[in-house]
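Engineer: Sharing data-v3.pdb here; it has PDB, C-alpha atoms and all ligand atoms.
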```pdb
ATOM      1  CA  MET T   1     116.977 145.547  35.208
ATOM      2  CA  PHE T   2     116.141 148.138  32.554
ATOM      3  CA  GLY T   3     113.702 145.671  31.053
ATOM      4  CA  ASN T   4     111.845 145.258  34.344
ATOM      5  CA  GLY T   5     111.781 149.007  34.936
ATOM      6  CA  PHE T   6     110.450 149.523  31.447
ATOM      7  CA  LYS T   7     107.798 146.895  32.064
ATOM      8  CA  SER T   8     106.675 148.569  35.290
ATOM      9  CA  ILE T   9     106.533 151.960  33.588
ATOM     10  CA  LYS T  10     104.428 150.345  30.882
ATOM     11  CA  SER T  11     102.056 148.785  33.373
ATOM     12  CA  PHE T  12     101.950 152.034  35.312
ATOM     13  CA  LEU T  13     100.955 153.917  32.170
ATOM     14  CA  PHE T  14      98.448 151.200  31.320
ATOM     15  CA  LEU T  15      96.859 151.336  34.773
ATOM     16  CA  LEU T  16      97.005 155.120  35.166
ATOM     17  CA  PRO T  17      93.663 155.897  33.438
ATOM     18  CA  TYR T  18      91.910 153.276  35.593
ATOM     19  CA  PHE T  19      93.487 154.711  38.714
ATOM     20  CA  LEU T  20      92.404 158.245  37.749
ATOM     21  CA  LEU T  21      88.927 156.962  36.947
ATOM     22  CA  PHE T  22      88.827 155.324  40.385
ATOM     23  CA  LEU T  23      89.915 158.577  42.048
ATOM     24  CA  GLY T  24      87.312 160.472  40.043
ATOM     25  CA  MET T  25      84.596 158.061  41.131
ATOM     26  CA  GLU T  26      85.744 158.334  44.738
ATOM     27  CA  ASN T  27      85.409 162.122  44.420
ATOM     28  CA  ILE T  28      81.937 161.846  42.936
ATOM     29  CA  GLU T  29      80.908 159.489  45.759
ATOM     30  CA  MET T  30      82.389 161.845  48.356
ATOM     31  CA  ASP T  31      80.619 164.827  46.755
ATOM     32  CA  LYS T  32      77.319 162.940  46.902
ATOM     33  CA  LEU T  33      77.846 162.315  50.610
ATOM     34  CA  ARG T  34      78.939 165.886  51.189
ATOM     35  CA  TYR T  35      76.312 167.619  49.023
ATOM     36  CA  PRO T  36      73.353 165.213  49.006
ATOM     37  CA  ILE T  37      70.948 167.903  47.704
ATOM     38  CA  GLY T  38      73.566 169.812  45.677
ATOM     39  CA  LYS T  39      74.758 173.318  46.476
ATOM     40  CA  PHE T  40      72.444 176.295  46.978
ATOM     41  CA  GLU T  41      71.365 177.746  43.666
ATOM     42  CA  LYS T  42      69.830 181.171  43.779
ATOM     43  CA  PRO T  43      66.832 181.428  41.430
ATOM     44  CA  ASP T  44      67.178 184.153  38.769
ATOM     45  CA  THR T  45      64.138 185.850  40.218
ATOM     46  CA  ILE T  46      62.951 185.138  43.711
ATOM     47  CA  ASP T  47      59.156 185.238  43.862
ATOM     48  CA  LYS T  48      56.534 184.986  46.593
ATOM     49  CA  THR T  49      56.259 181.212  46.202
ATOM     50  CA  HIS T  50      59.989 180.752  46.805
ATOM     51  CA  ILE T  51      59.824 182.843  49.953
ATOM     52  CA  GLU T  52      56.781 180.976  51.272
ATOM     53  CA  GLN T  53      58.342 177.574  50.597
ATOM     54  CA  TRP T  54      61.655 178.579  52.173
ATOM     55  CA  ILE T  55      59.975 179.969  55.292
ATOM     56  CA  GLN T  56      57.981 176.749  55.593
ATOM     57  CA  ILE T  57      61.205 174.724  55.490
ATOM     58  CA  LEU T  58      62.637 176.921  58.257
ATOM     59  CA  GLU T  59      59.437 176.519  60.249
ATOM     60  CA  GLU T  60      59.536 172.727  60.031
ATOM     61  CA  LEU T  61      63.250 172.195  60.630
ATOM     62  CA  PRO T  62      63.355 172.008  64.456
ATOM     63  CA  GLU T  63      60.623 169.379  64.629
ATOM     64  CA  LYS T  64      62.021 167.329  61.736
ATOM     65  CA  LEU T  65      65.561 167.414  63.100
ATOM     66  CA  THR T  66      64.453 166.537  66.624
ATOM     67  CA  GLY T  67      62.277 163.718  65.297
ATOM     68  CA  ARG T  68      65.147 162.131  63.348
ATOM     69  CA  VAL T  69      67.764 162.446  66.092
ATOM     70  CA  LYS T  70      66.079 162.226  69.501
ATOM     71  CA  ASN T  71      66.059 158.418  69.752
ATOM     72  CA  LEU T  72      69.698 157.897  68.760
ATOM     73  CA  SER T  73      72.122 156.512  71.347
ATOM     74  CA  ASP T  74      75.287 158.391  72.323
ATOM     75  CA  GLU T  75      77.277 156.021  70.128
ATOM     76  CA  GLN T  76      75.032 156.765  67.164
ATOM     77  CA  LEU T  77      75.198 160.513  67.868
ATOM     78  CA  ASP T  78      78.982 160.294  67.803
ATOM     79  CA  THR T  79      79.069 158.608  64.379
ATOM     80  CA  PRO T  80      80.356 160.728  61.463
ATOM     81  CA  TYR T  81      77.832 161.215  58.664
ATOM     82  CA  ARG T  82      80.626 160.473  56.135
ATOM     83  CA  PRO T  83      84.308 159.446  56.383
ATOM     84  CA  ASN T  84      86.173 162.289  58.143
ATOM     85  CA  GLY T  85      82.913 164.235  58.447
ATOM     86  CA  TRP T  86      81.173 165.733  61.444
ATOM     87  CA  THR T  87      79.265 163.470  63.807
ATOM     88  CA  VAL T  88      75.482 163.732  64.103
ATOM     89  CA  ARG T  89      76.023 165.586  67.389
ATOM     90  CA  GLN T  90      78.384 168.074  65.733
ATOM     91  CA  LEU T  91      75.881 168.558  62.886
ATOM     92  CA  VAL T  92      73.055 169.359  65.307
ATOM     93  CA  HIS T  93      75.156 171.880  67.233
ATOM     94  CA  HIS T  94      76.487 173.320  63.967
ATOM     95  CA  ILE T  95      72.957 173.962  62.667
ATOM     96  CA  ALA T  96      72.172 175.820  65.912
ATOM     97  CA  ASP T  97      75.374 177.909  65.708
ATOM     98  CA  SER T  98      74.905 178.653  62.012
ATOM     99  CA  HIS T  99      71.254 179.663  62.257
ATOM    100  CA  HIS T 100      72.072 181.795  65.280
ATOM    101  CA  HIS T 101      74.306 183.789  62.893
ATOM    102  CA  SER T 102      71.614 183.831  60.241
ATOM    103  CA  TYR T 103      69.127 185.375  62.678
ATOM    104  CA  THR T 104      71.599 188.138  63.510
ATOM    105  CA  ARG T 105      72.344 188.699  59.810
ATOM    106  CA  PHE T 106      68.630 189.231  59.154
ATOM    107  CA  LYS T 107      68.428 191.775  61.969
ATOM    108  CA  TRP T 108      71.583 193.590  60.825
ATOM    109  CA  SER T 109      70.321 193.791  57.230
ATOM    110  CA  LEU T 110      66.966 195.133  58.369
ATOM    111  CA  THR T 111      68.375 197.828  60.635
ATOM    112  CA  GLU T 112      71.562 199.021  58.881
ATOM    113  CA  ASP T 113      72.533 200.033  55.362
ATOM    114  CA  ARG T 114      74.201 196.988  53.763
ATOM    115  CA  PRO T 115      76.287 196.204  56.860
ATOM    116  CA  LEU T 116      79.539 194.281  56.622
ATOM    117  CA  ILE T 117      78.865 191.116  58.602
ATOM    118  CA  LYS T 118      81.310 189.032  60.596
ATOM    119  CA  ALA T 119      82.191 185.629  59.209
ATOM    120  CA  TYR T 120      83.004 182.869  61.690
ATOM    121  CA  GLU T 121      85.225 179.785  61.632
ATOM    122  CA  GLU T 122      82.488 177.168  61.486
ATOM    123  CA  LYS T 123      84.955 174.260  61.360
ATOM    124  CA  ASP T 124      86.658 175.457  64.543
ATOM    125  CA  TRP T 125      83.313 176.084  66.237
ATOM    126  CA  ALA T 126      82.350 172.474  65.433
ATOM    127  CA  GLU T 127      85.572 171.240  67.067
ATOM    128  CA  LEU T 128      84.995 173.080  70.358
ATOM    129  CA  PHE T 129      84.282 170.701  73.245
ATOM    130  CA  ASP T 130      80.624 171.702  73.509
ATOM    131  CA  ALA T 131      79.935 170.932  69.842
ATOM    132  CA  ARG T 132      81.633 167.544  70.249
ATOM    133  CA  THR T 133      80.106 166.521  73.561
ATOM    134  CA  ALA T 134      77.086 168.586  74.662
ATOM    135  CA  PRO T 135      73.652 166.928  74.827
ATOM    136  CA  VAL T 136      71.782 167.453  71.529
ATOM    137  CA  GLU T 137      68.709 168.507  73.538
ATOM    138  CA  LEU T 138      70.401 171.863  74.205
ATOM    139  CA  SER T 139      70.391 172.630  70.486
ATOM    140  CA  PHE T 140      66.905 171.146  69.980
ATOM    141  CA  ASP T 141      65.540 173.624  72.545
ATOM    142  CA  TYR T 142      67.595 176.460  71.128
ATOM    143  CA  LEU T 143      66.546 175.793  67.509
ATOM    144  CA  LYS T 144      62.890 175.531  68.494
ATOM    145  CA  ALA T 145      62.951 178.992  70.064
ATOM    146  CA  LEU T 146      65.282 180.513  67.481
ATOM    147  CA  HIS T 147      63.308 179.289  64.458
ATOM    148  CA  ALA T 148      60.002 180.342  66.014
ATOM    149  CA  LYS T 149      61.402 183.865  66.420
ATOM    150  CA  MET T 150      63.059 183.859  62.981
ATOM    151  CA  VAL T 151      59.916 182.602  61.203
ATOM    152  CA  PHE T 152      57.746 185.163  63.028
ATOM    153  CA  LEU T 153      60.122 187.879  61.825
ATOM    154  CA  LEU T 154      60.338 186.616  58.225
ATOM    155  CA  LYS T 155      56.578 186.181  57.831
ATOM    156  CA  GLY T 156      56.077 189.832  58.772
ATOM    157  CA  LEU T 157      58.552 191.311  56.271
ATOM    158  CA  LYS T 158      57.384 193.732  53.573
ATOM    159  CA  SER T 159      58.611 193.427  50.004
ATOM    160  CA  GLU T 160      61.064 196.316  50.465
ATOM    161  CA  ASP T 161      62.543 194.545  53.518
ATOM    162  CA  LEU T 162      63.297 191.503  51.374
ATOM    163  CA  LYS T 163      65.522 193.645  49.125
ATOM    164  CA  LYS T 164      67.666 194.879  52.015
ATOM    165  CA  SER T 165      71.069 193.246  52.199
ATOM    166  CA  TYR T 166      74.364 192.610  53.948
ATOM    167  CA  LEU T 167      77.915 192.422  52.677
ATOM    168  CA  HIS T 168      79.800 189.176  53.227
ATOM    169  CA  PRO T 169      83.532 189.712  53.923
ATOM    170  CA  GLU T 170      84.748 186.445  52.375
ATOM    171  CA  ASP T 171      83.715 186.997  48.771
ATOM    172  CA  ASN T 172      82.529 190.622  49.004
ATOM    173  CA  ALA T 173      79.101 189.388  47.951
ATOM    174  CA  THR T 174      75.970 191.401  48.618
ATOM    175  CA  VAL T 175      73.327 189.050  49.998
ATOM    176  CA  THR T 176      69.715 190.197  50.120
ATOM    177  CA  VAL T 177      67.338 189.221  52.896
ATOM    178  CA  GLU T 178      65.319 187.125  50.436
ATOM    179  CA  GLU T 179      68.432 185.280  49.247
ATOM    180  CA  ASN T 180      69.462 184.669  52.843
ATOM    181  CA  ILE T 181      66.069 183.044  53.501
ATOM    182  CA  GLY T 182      66.790 180.682  50.598
ATOM    183  CA  LYS T 183      70.344 180.004  51.750
ATOM    184  CA  TYR T 184      69.268 178.934  55.213
ATOM    185  CA  ALA T 185      66.331 176.894  53.956
ATOM    186  CA  TRP T 186      68.890 175.098  51.761
ATOM    187  CA  HIS T 187      71.241 174.801  54.746
ATOM    188  CA  SER T 188      68.464 173.210  56.816
ATOM    189  CA  GLN T 189      67.751 170.593  54.172
ATOM    190  CA  HIS T 190      71.432 170.048  53.396
ATOM    191  CA  HIS T 191      72.296 168.953  56.942
ATOM    192  CA  LEU T 192      69.012 167.142  57.460
ATOM    193  CA  ALA T 193      69.869 165.073  54.371
ATOM    194  CA  HIS T 194      73.302 164.236  55.875
ATOM    195  CA  ILE T 195      71.553 162.799  58.913
ATOM    196  CA  GLU T 196      68.757 161.050  57.000
ATOM    197  CA  ASN T 197      71.235 159.430  54.597
ATOM    198  CA  LEU T 198      73.363 158.185  57.480
ATOM    199  CA  LEU T 199      70.303 156.700  59.223
ATOM    200  CA  GLU T 200      69.297 155.008  55.997
ATOM    201  CA  ARG T 201      72.764 153.611  55.260
ATOM    202  CA  LYS T 202      73.051 152.276  58.825
ATOM    203  CA  GLY T 203      69.470 151.020  58.953
ATOM    204  CA  TRP T 204      68.838 153.022  62.183
TER     205      TRP T 204
HETATM  206 NI    NI R   1      76.602 173.945  57.464
END
```
What is this file in structure tokens?
Structural biologist:
Amino acid sequence: MFGNGFKSIKSFLFLLPYFLLFLGMENIEMDKLRYPIGKFEKPDTIDKTHIEQWIQILEELPEKLTGRVKNLSDEQLDTPYRPNGWTVRQLVHHIADSHHHSYTRFKWSLTEDRPLIKAYEEKDWAELFDARTAPVELSFDYLKALHAKMVFLLKGLKSEDLKKSYLHPEDNATVTVEENIGKYAWHSQHHLAHIENLLERKGW
């Protein structure tokens, strides 16, 4: 009895590193699915080229997103981009909800002195019935109009406008307008990559 127990402890200890390695690899794989382009990294200095590239990404997002998603069936739209992740439909509606906030954050920063913004429960928003079931065309139309307005605004900003900022309640971080442009350009590419990787993996 003791001998058997001892043997299983020994094999447990022998297998433990392999098990941990397996878990570690699972985490790395999951991180790759979750952060296909990595997390947003703010450049030490944000220059004119960054701003121009970021605005271009924002300008192109609605067309790129619509192009990738418009021909998918309902079944494909309701497929999660990773295990336990949001479906393509939820991603599309999430981008619309998130960039709706971004637009308001730009306007707040430009018209008030470092305003404290309102965070929102993005996970809960994505679980609301509309995010789970509404036609993606609603968010395509919304993003097209929203990004056209946002890009028009951003292209017209002066250098002093870019230094204006808001205060985020979650980490008390001060976020400048120029950093926010970068964050949402990253956010556009981040979710677009989720969708593109899914399409590639599925051969759709
Ligand atoms: Ni997001």
Engineer: Applying the PyMOL selection byres (((not hetatm)) within 10 of (chain R and resi 1)) to the file I just gave you, which residues come out? Please list them as a PyMOL selection string.
Structural biologist: chain T and resi 91-92+94-99+122-123+126+184+186-188+190-191
Engineer: Please produce an output containing C-alpha atoms for each residue in the selection, written as a PDB file, in the coordinates of the input.
Structural biologist:
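The file below, part-v5.pdb, is the result:
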```
ATOM      1  CA  LEU T  91      75.881 168.558  62.886  1.00  0.00           C
ATOM      2  CA  VAL T  92      73.055 169.359  65.307  1.00  0.00           C
ATOM      3  CA  HIS T  94      76.487 173.320  63.967  1.00  0.00           C
ATOM      4  CA  ILE T  95      72.957 173.962  62.667  1.00  0.00           C
ATOM      5  CA  ALA T  96      72.172 175.820  65.912  1.00  0.00           C
ATOM      6  CA  ASP T  97      75.374 177.909  65.708  1.00  0.00           C
ATOM      7  CA  SER T  98      74.905 178.653  62.012  1.00  0.00           C
ATOM      8  CA  HIS T  99      71.254 179.663  62.257  1.00  0.00           C
ATOM      9  CA  GLU T 122      82.488 177.168  61.486  1.00  0.00           C
ATOM     10  CA  LYS T 123      84.955 174.260  61.360  1.00  0.00           C
ATOM     11  CA  ALA T 126      82.350 172.474  65.433  1.00  0.00           C
ATOM     12  CA  TYR T 184      69.268 178.934  55.213  1.00  0.00           C
ATOM     13  CA  TRP T 186      68.890 175.098  51.761  1.00  0.00           C
ATOM     14  CA  HIS T 187      71.241 174.801  54.746  1.00  0.00           C
ATOM     15  CA  SER T 188      68.464 173.210  56.816  1.00  0.00           C
ATOM     16  CA  HIS T 190      71.432 170.048  53.396  1.00  0.00           C
ATOM     17  CA  HIS T 191      72.296 168.953  56.942  1.00  0.00           C
TER      18      HIS T 191
END
```
Engineer: Using all atoms listed in the file for the distances, tell me which of T:Arg132, T:Lys144, T:Lys10, T:Arg105 is nearest to Lys64 of chain T.
Structural biologist: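 That would be T:Lys144, the residue with the smallest distance to Lys64 of chain T.
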Engineer: Nearest to His101 of chain T: which of T:Val177, T:Leu13, T:Leu192, T:Ala119 is it, counting all atoms listed in the file?
Structural biologist: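 Between T:Val177, T:Leu13, T:Leu192, T:Ala119, the residue approaching His101 of chain T most closely is T:Ala119.
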Engineer: Record the distance separating atom CA of Ser109 of chain T and atom CA of Ile181 of chain T, expressed in Å with one decimal.
Structural biologist: 12.1 Å
Engineer: Name the residues captured by the PyMOL selection byres (((chain T and resi 55) around 9) and not hetatm) when it is applied to the shown file; answer as a list of chain:residue names.
Structural biologist: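 On this input, the PyMOL selection byres (((chain T and resi 55) around 9) and not hetatm) captures T:His50, T:Ile51, T:Glu52, T:Gln53, T:Trp54, T:Gln56, T:Ile57, T:Leu58, T:Glu59, T:Glu60, T:Val151, T:Leu154, T:Lys155, T:Ile181, T:Gly182, T:Ala185.
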Engineer: Hey, what's within 12 Å of Arg89 of chain T if we count all atoms listed in the file and toss same-chain stuff fewer than 2 positions away? As a ChimeraX atom specification, please?
Structural biologist: /T:65-66,69-70,72-81,85-87,91-96,126-127,129-140,191,194-195
Engineer: Please rebuild segment 43-58 of chain T with N, CA and C atoms and give the result as a CSV table (one decimal), in the frame of the given file.
Structural biologist:
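Done, and the output landed in part_3.csv:
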```csv
chain,number,residue,atom,x,y,z
T,43,PRO,N,67.7,181.3,42.6
T,43,PRO,CA,66.8,181.4,41.4
T,43,PRO,C,67.1,182.8,40.8
T,44,ASP,N,66.9,182.9,39.5
T,44,ASP,CA,67.2,184.2,38.8
T,44,ASP,C,66.3,185.2,39.3
T,45,THR,N,65.0,184.9,39.5
T,45,THR,CA,64.1,185.8,40.2
T,45,THR,C,63.5,185.1,41.4
T,46,ILE,N,63.5,185.7,42.5
T,46,ILE,CA,63.0,185.1,43.7
T,46,ILE,C,61.5,185.7,43.8
T,47,ASP,N,60.5,184.8,43.8
T,47,ASP,CA,59.2,185.2,43.9
T,47,ASP,C,58.5,184.8,45.2
T,48,LYS,N,57.3,185.2,45.3
T,48,LYS,CA,56.5,185.0,46.6
T,48,LYS,C,56.5,183.5,47.0
T,49,THR,N,56.3,182.7,45.9
T,49,THR,CA,56.3,181.2,46.2
T,49,THR,C,57.6,180.7,46.8
T,50,HIS,N,58.7,181.2,46.2
T,50,HIS,CA,60.0,180.8,46.8
T,50,HIS,C,60.0,181.1,48.3
T,51,ILE,N,59.7,182.4,48.6
T,51,ILE,CA,59.8,182.8,50.0
T,51,ILE,C,58.9,182.0,50.9
T,52,GLU,N,57.7,181.7,50.4
T,52,GLU,CA,56.8,181.0,51.3
T,52,GLU,C,57.3,179.6,51.5
T,53,GLN,N,57.8,178.9,50.4
T,53,GLN,CA,58.3,177.6,50.6
T,53,GLN,C,59.6,177.6,51.5
T,54,TRP,N,60.4,178.5,51.4
T,54,TRP,CA,61.7,178.6,52.2
T,54,TRP,C,61.3,178.8,53.7
T,55,ILE,N,60.4,179.7,53.9
T,55,ILE,CA,60.0,180.0,55.3
T,55,ILE,C,59.3,178.7,55.9
T,56,GLN,N,58.6,178.0,55.1
T,56,GLN,CA,58.0,176.7,55.6
T,56,GLN,C,59.1,175.7,56.0
T,57,ILE,N,60.1,175.6,55.2
T,57,ILE,CA,61.2,174.7,55.5
T,57,ILE,C,61.8,175.1,56.8
T,58,LEU,N,62.0,176.4,57.0
T,58,LEU,CA,62.6,176.9,58.3
T,58,LEU,C,61.7,176.6,59.4
```
